[in-house]
Structure formats: structure tokens, C-alpha cells
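J.: Next up is a structure, given as C-alpha cells.
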Amino acid sequence: MSINNLYSLINSAWYVEPKYGEANLPLLFNILAGNKIEIPAKKAQPAFARMGVLGATVDQNNTEDQYVAILSIKSPIYKYNQECGPRGTKSHMATLNRIGRDAQAAGVVLDIDSGGGQVYGTPEFHDFIKEYPKPVVVYTDGLLCSAAYYIAAGANHIIANKRAEAIGSIGAYAQFLDLKGYYEKQGAKLIEAYADQSTEKNKAVRDLFNGDPKTYIKEQLNPIVDNFISDIKSSREGVSEKVFKGATYPGPEALDLKLIDEIGTLETAINKVFELAKNSNSNKSQTNMSNTNSFPQMESVLGLTQPLAETEGGSYLNAEQKTAIENKLSGMLTSLKNAQDAQAKAEADLTAEKEATKGETAKLKAAAEKAGVEGLTAESTSEEINTALLAKIEELNAKPGASHTGGAAEDKDTGGEFSYLNMDNSIYSDAPKQ
């Protein structure tokens with residue numbers, strides 16, 4: 001057991017069946033007493049079930065047959081590896097990641113016999129299993145409780161042996177060890193002091209040690225169980241509400257309550273993985289066929305008469321096809337550059353034309369102002385200036401003298417303003433002199 005991780009093992013919440021947890025207390029007491037504990041070496045790698053021409057066989061031979069990895073979890077659930085105990089969920093995820101990248105791996109069977117374990121790391125492992133890229137089937141022939149069931153709920157399928165003892169225990173509880181007496185017996189005295197500003201620090205735990213667990217239950221345990229129940233409901237469609245009070249059920253009853261999907265054996269679980277993998281590959285093939293000619297432009301560039309070849313990992317291009325795409329992109333970039341240059345020239349010409357128009361407008365404005373047009377501004381347009389200039393011309397035409405004098409015949413003024421003039425005088429006549 002990792003000494004660095006003792007704090008999370010002694011005083012923390014657990015997803016665990018109580019009797020299963022209590023059965024592991026002697027191990028903890030031995031560690032605290034300083035007793036050396038011999039743990040046999042464990043195999044780091046899972047077992048494999050390979051599917052050959054004769055069917056599924058359990059072995060670890062390196063063949064070309066597709067295989068199912070069998071990962072055993074038959075101990076309390078911990079987040080990290082324990083030096084004197086089992087591997088943690090982080091280590092299991094690392095192993096499963098390697099299997100997930102192996103093209104020969106059809107999927108995984110999690111062979112679980114566990115009454116649960118730590119809260120910390122369990123929801124993360126549940127999410128990991130739920131999003132795993134290959135089929136995951138859980139099998140149990142013993143306990144599948146609390147944290148162990150939380151993990152299992154993320155799998156594609158759960159199978160239990162008909163003799164499986166306990167499945168469920170959906171809930172959480174905490175056991176705290178008050179070690180003050182232990183330390184005092186060793187000659188040590190624990191003294192705590194909190195800053196004046198830290199009135200809420202560790203309050204729930206302090207109240208718990210003082211005999212009032214309400215705050216700890218409300219603020220710590222209840223939210224943990226709410227998340228547990230929510231994840232189970234989202235992962236196990238149709239599961240009975242009855243199971244959320246924390247009870248456990250044997251295999252057949254767990255099936256009725258939809259905690260599991262099937263009664264069977266480890267071999268049933270292995271075959272289920274192969275079945276799910278086959279269905280998944282079939283669906284992928286159908287998807288690939290339905291996507292025929294889904295990239296006609298690319299296929300046209302490559303000069304293909306058939307759609308791009310697709311594998312489970314995707315479509316791949318050879319060197320000749322890459323060169324064809326490169327050349328096409330080069331031509332497109334050249335065309336784009338030419339279009340950008342043409343656009344830049346057109347914009348420059350438009351700017352020059354605007355400047356020329358601006359100069360003509362300025363000249364027209366100056367001429368209008370000389371003609372007596374008033375009220376023009378720097379922002380006046382040529383149309384506004386023209387309109388004002390025409391209005392000025394009409395105004396001038398309406399005044400006396402707007403038209404020229406035609407002579408005596410036209411301009412006789414008898415008894416008018418110029419009556420003293422003799423308009424019959426030859427000097428006012430256009431007639432030629434005799």
C-alpha cells in the first residue's frame with residue numbers, strides 16, 4: 001500500500017460494500033503497526049482470448065488471430081497502484097489504452113469480483129470505459145458492488161454468473177479513524193490551530209469528530225451519491241428505481257432489475273465481445289459504402305474512376321495522389337494570386353477615378369461661386385452644385401436686362417419712364433442711313 005496515499009485511504013468517502021470494506025481493515029492495521037506484508041508479484045498484462053478457426057481460446061500466444069483482452073479486477077478499487085496491494089484505476093486505464101490502439105484487439109472483458117473501493121478515480125474510470133473505442137463487456141461471478149458496479153455501468157454489456165453473490169450497492173459511506181488515541185499511546189499529542197479567517201475550513205469533518213455528522217453527510221456524501229445515481233441512470237436505460245437505495249442483489253434478481261444484461265459465464269462474455277466487434281465493423285462497412293462518391297471533387301483531382309479506398313482507420317493517399325493534389329493546389333494558389341492582383345488594380349483605378357471626379361467637382365464649385373451661387377460646402381456634390389447653378393441662372397433670367405435691347409421698334413417708351421427721349425430718332429434705329 002502506498003504510504004503517500006494513506007490519507008485518502010484512512011479518512012475519505014468510499015463506494016464500497018461495508019462487509020467487504022471491513023474485511024480489508026486487518027491489512028490497514030498491519031500497515032499502521034509497521035508489520036511487513038509480503039504480496040506475491042502480479043502479472044502486469046491481462047490474459048487474452050483469441051478467436052481462431054476453432055473458436056475462442058484463452059492464451060497469450062502471439063498469433064495473427066483477433067483477440068479479446070481479459071482484465072481482472074478482483075480487489076478493492078483504488079485510484080493509484082498500492083505498493084502492497086492491487087493496481088489502481090489509473091494503471092488499468094493505461095493498459096486499456098494500449099489495447100485500444102491494437103488493431104488485432106476486438107475488445108475487452110473486465111472480469112470483476114470486487115465489493116467497491118475509493119470514490120476518487122471511480123467516476124473517471126466509468127467515463128473512460130463508456131467512451132472506450134472498442135467493445136467492453138463486464139463479467140462477474142462474485143461481487144459487483146458500489147465502485148465496482150459504477151465502473152461496470154460504463155460498459156457495453158454486463159454478464160453475471162447465475163451464482164454471483166451481490167450486485168449493486170449503489171451508494172456511498174465514510175469511515176473515519178480517530179487516531180488521536182493511537183498517537184497519544186505512541187507518546188505524541190495532536191494539537192490543531194486554525195486561523196481566525198478559516199472558520200469554515202474542515203468544518204464538516206470537525207463537526208463529524210465532535211459527534212455531528214449532518215454537515216458532512218449533506219455537503220460531502222449526498223453530492224457523491226447524487227452523481228453516482230445520475231451516471232447509472234444515463235448508462236443503464238430502464239434500471240429500476242429500487243436499486244438506488246444501496247441494496248445488493250444476486251445474479252437472477254439483478255437481471256430482473258436491469259442492473260445486468262445477461263446471465264452467463266466468462267466464455268459468454270468473451271463471445272459477446274467478438275459479437276459486438278463484428279457488428280461494429282459491419283456498421284462501419286455499411287457507413288463506408290453509404291459514403292461512396294462523398295468526395296467527388298477530390299476524386300476528380302486525383303483522376304480516380306472509383307471512390308477512395310477506405311479502411312477502419314480511414315482513407316489514405318499514395319505518393320502519386322499526393323502529387324496530384326499538390327499540383328492542383330499550386331494552380332489554385334496561382335489563380336487566386338492573379339485574382340487578388342486584378343482586384344488590387346481595379347481598386348487603384350477606382351481610387352484614381354474618384355480623385356479625378358473630386359478635382360472636377362472642385363472646379364465646378366469654384367465656377368458656381370464666381371457666378372454668385374451661395375451656400376455651397378466642401379461636401380457639396382457635383383449634382384448639388386449643378387442644381388444650385390441652374391437655380392441661379394433662372395433667378396438671373398427673371399431680372400430686368402435679362403434679355404438684350406432690340407431698338408426703337410421694340411423699345412418705344414411713350415409717356416413712360418423715358419418719355420423725354422425721341423425714340424424715332426435715327427440714332428435709335430437699326431435702319432441703314434441714307
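Convention: chains lettered A, B, ... in C-alpha cells order; per-chain residue numbering from 1; ligands numbered from 1 as shown.
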As a PyMOL selection string, please: every residue in segment 92-205 of chain A that DSSP puts in strand (DSSP E).
T.: chain A and resi 105-112+116-118+136-140+143-145+157-160+166-168+173-175
J.: Could you please write out, as a PyMOL selection string, every residue of segment 109-220 of chain A that DSSP assigns to helix (DSSP H, G or I)?
T.: chain A and resi 122-130+147-152+180-185+203-209+214-220
J.: Would you mind exporting the chosen residues as a short mmCIF file (atom, residue, chain, number, x, y, z; two decimals), in the first residue's frame, restricted to C-alpha atoms?
T.:
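Below you can see selection_35.cif, which holds the result:
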data_model
loop_
_atom_site.label_atom_id
_atom_site.label_comp_id
_atom_site.auth_asym_id
_atom_site.auth_seq_id
_atom_site.Cartn_x
_atom_site.Cartn_y
_atom_site.Cartn_z
CA THR A 122 -14.02 5.79 -9.91
CA PRO A 123 -16.23 8.25 -11.89
CA GLU A 124 -13.24 8.98 -14.13
CA PHE A 125 -12.79 5.25 -14.85
CA HIS A 126 -16.54 4.95 -15.53
CA ASP A 127 -16.30 7.72 -18.15
CA PHE A 128 -13.19 6.12 -19.64
CA ILE A 129 -14.97 2.77 -20.10
CA LYS A 130 -18.07 4.48 -21.51
CA ALA A 147 -17.39 1.40 -7.06
CA ALA A 148 -17.06 -1.88 -8.97
CA TYR A 149 -20.63 -1.57 -10.25
CA TYR A 150 -20.06 2.13 -11.03
CA ILE A 151 -17.21 1.10 -13.34
CA ALA A 152 -19.22 -1.76 -14.87
CA LYS A 180 -5.67 10.75 18.41
CA GLY A 181 -5.68 7.89 20.93
CA TYR A 182 -3.28 5.88 18.78
CA TYR A 183 -0.81 8.75 18.51
CA GLU A 184 -1.07 9.61 22.20
CA LYS A 185 -0.30 5.97 23.02
CA LYS A 203 -15.79 22.31 9.43
CA ALA A 204 -17.74 19.29 8.19
CA VAL A 205 -15.03 16.88 9.40
CA ARG A 206 -14.55 18.72 12.69
CA ASP A 207 -18.29 18.55 13.34
CA LEU A 208 -18.19 14.86 12.48
CA PHE A 209 -15.46 14.15 15.05
CA LYS A 214 -25.16 16.22 9.40
CA THR A 215 -22.95 18.76 7.63
CA TYR A 216 -20.58 16.10 6.30
CA ILE A 217 -23.46 14.00 5.02
CA LYS A 218 -25.15 16.97 3.33
CA GLU A 219 -22.06 18.60 1.82
CA GLN A 220 -19.90 15.55 1.06
#
J.: Tell me, as a PyMOL selection string, which residues lie within 9 Å of segment 366-374 of chain A, counting only C-alpha atoms; anything in the same chain fewer than 6 positions away does not count.
T.: chain A and resi 385-386+388-389+391-393
J.: Pull the closest atom pair for each residue of segment 89-114 of chain A that gets at most 9 Å from segment 262-276 of chain A, along with the distance in Å to one decimal, counting only C-alpha atoms, ordering rows by chain and then ascending residue number, as JSON lines.
T.:
{"residue": "A:Ala106", "atom": "CA", "partner": "A:Phe274", "partner_atom": "CA", "distance": 6.2}
{"residue": "A:Gly107", "atom": "CA", "partner": "A:Val273", "partner_atom": "CA", "distance": 5.9}
{"residue": "A:Val108", "atom": "CA", "partner": "A:Val273", "partner_atom": "CA", "distance": 6.9}
{"residue": "A:Val109", "atom": "CA", "partner": "A:Ile270", "partner_atom": "CA", "distance": 6.5}
{"residue": "A:Asp111", "atom": "CA", "partner": "A:Leu266", "partner_atom": "CA", "distance": 7.8}
J.: Give me the residues near Leu255 of chain A as a list in words, where near means some atom within 12 Å (using only C-alpha atoms) and where sequence neighbours in that chain fewer than 6 positions away do not count.
T.: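 In the requested form, the answer reads His157, Ile158, Ile159, Ala160, Asn161, Lys162, Ala164, Ala166, Ile167, Gly168, Arg236, Gly238, Val239, Ser240, Val243, Tyr249, Asp261, Glu262, Ile263 and Gly264 of chain A.
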J.: Dump N, CA and C atoms for the selected residues as an mmCIF file, in the first residue's frame?
T.:
data_model
loop_
_atom_site.group_PDB
_atom_site.id
_atom_site.type_symbol
_atom_site.label_atom_id
_atom_site.label_comp_id
_atom_site.auth_asym_id
_atom_site.auth_seq_id
_atom_site.Cartn_x
_atom_site.Cartn_y
_atom_site.Cartn_z
ATOM 1 N N HIS A 157 -22.000 -4.046 -22.052
ATOM 2 C CA HIS A 157 -22.820 -5.200 -21.678
ATOM 3 C C HIS A 157 -22.304 -5.723 -20.344
ATOM 4 N N ILE A 158 -23.227 -6.163 -19.465
ATOM 5 C CA ILE A 158 -22.839 -6.736 -18.173
ATOM 6 C C ILE A 158 -23.426 -8.143 -18.071
ATOM 7 N N ILE A 159 -22.551 -9.100 -17.772
ATOM 8 C CA ILE A 159 -22.958 -10.504 -17.630
ATOM 9 C C ILE A 159 -22.579 -10.982 -16.232
ATOM 10 N N ALA A 160 -23.490 -11.666 -15.574
ATOM 11 C CA ALA A 160 -23.217 -12.221 -14.255
ATOM 12 C C ALA A 160 -23.452 -13.721 -14.250
ATOM 13 N N ASN A 161 -22.617 -14.417 -13.530
ATOM 14 C CA ASN A 161 -22.835 -15.836 -13.319
ATOM 15 C C ASN A 161 -24.109 -16.032 -12.499
ATOM 16 N N LYS A 162 -24.802 -17.103 -12.733
ATOM 17 C CA LYS A 162 -26.059 -17.325 -12.005
ATOM 18 C C LYS A 162 -25.820 -17.448 -10.501
ATOM 19 N N ALA A 164 -23.557 -15.529 -8.912
ATOM 20 C CA ALA A 164 -22.978 -14.271 -8.421
ATOM 21 C C ALA A 164 -23.673 -13.840 -7.134
ATOM 22 N N ALA A 166 -23.478 -10.814 -5.058
ATOM 23 C CA ALA A 166 -24.030 -9.495 -4.739
ATOM 24 C C ALA A 166 -23.701 -8.503 -5.839
ATOM 25 N N ILE A 167 -24.749 -7.860 -6.345
ATOM 26 C CA ILE A 167 -24.591 -6.855 -7.398
ATOM 27 C C ILE A 167 -25.392 -5.623 -6.989
ATOM 28 N N GLY A 168 -24.775 -4.460 -7.129
ATOM 29 C CA GLY A 168 -25.478 -3.224 -6.785
ATOM 30 C C GLY A 168 -24.724 -2.404 -5.760
ATOM 31 N N ARG A 236 -27.539 3.025 -17.819
ATOM 32 C CA ARG A 236 -28.327 1.791 -17.757
ATOM 33 C C ARG A 236 -29.800 2.123 -17.961
ATOM 34 N N GLY A 238 -33.588 2.006 -18.242
ATOM 35 C CA GLY A 238 -34.627 1.143 -17.696
ATOM 36 C C GLY A 238 -34.313 0.530 -16.352
ATOM 37 N N VAL A 239 -33.168 0.886 -15.746
ATOM 38 C CA VAL A 239 -32.830 0.317 -14.446
ATOM 39 C C VAL A 239 -33.882 0.710 -13.411
ATOM 40 N N SER A 240 -34.210 -0.217 -12.529
ATOM 41 C CA SER A 240 -35.267 0.012 -11.538
ATOM 42 C C SER A 240 -34.844 1.045 -10.504
ATOM 43 N N VAL A 243 -33.113 0.086 -6.978
ATOM 44 C CA VAL A 243 -31.705 -0.225 -6.712
ATOM 45 C C VAL A 243 -30.936 0.964 -6.132
ATOM 46 N N TYR A 249 -28.064 -7.452 -4.831
ATOM 47 C CA TYR A 249 -28.962 -8.491 -5.335
ATOM 48 C C TYR A 249 -28.139 -9.597 -5.983
ATOM 49 N N ASP A 261 -27.273 -7.364 -17.907
ATOM 50 C CA ASP A 261 -27.946 -7.645 -19.179
ATOM 51 C C ASP A 261 -28.163 -9.130 -19.445
ATOM 52 N N GLU A 262 -27.405 -9.985 -18.745
ATOM 53 C CA GLU A 262 -27.448 -11.391 -19.127
ATOM 54 C C GLU A 262 -26.856 -12.252 -18.017
ATOM 55 N N ILE A 263 -27.362 -13.474 -17.893
ATOM 56 C CA ILE A 263 -26.761 -14.490 -17.039
ATOM 57 C C ILE A 263 -25.897 -15.376 -17.921
ATOM 58 N N GLY A 264 -24.648 -15.597 -17.509
ATOM 59 C CA GLY A 264 -23.769 -16.409 -18.333
ATOM 60 C C GLY A 264 -22.451 -16.689 -17.655
#
J.: May I ask which of the residues A:Ala378, A:Glu320, A:Gly117, A:Pro135 is the closest one to Ala174 of chain A, counting only C-alpha atoms?
T.: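 Closest to Ala174 of chain A of all the choices is A:Gly117.
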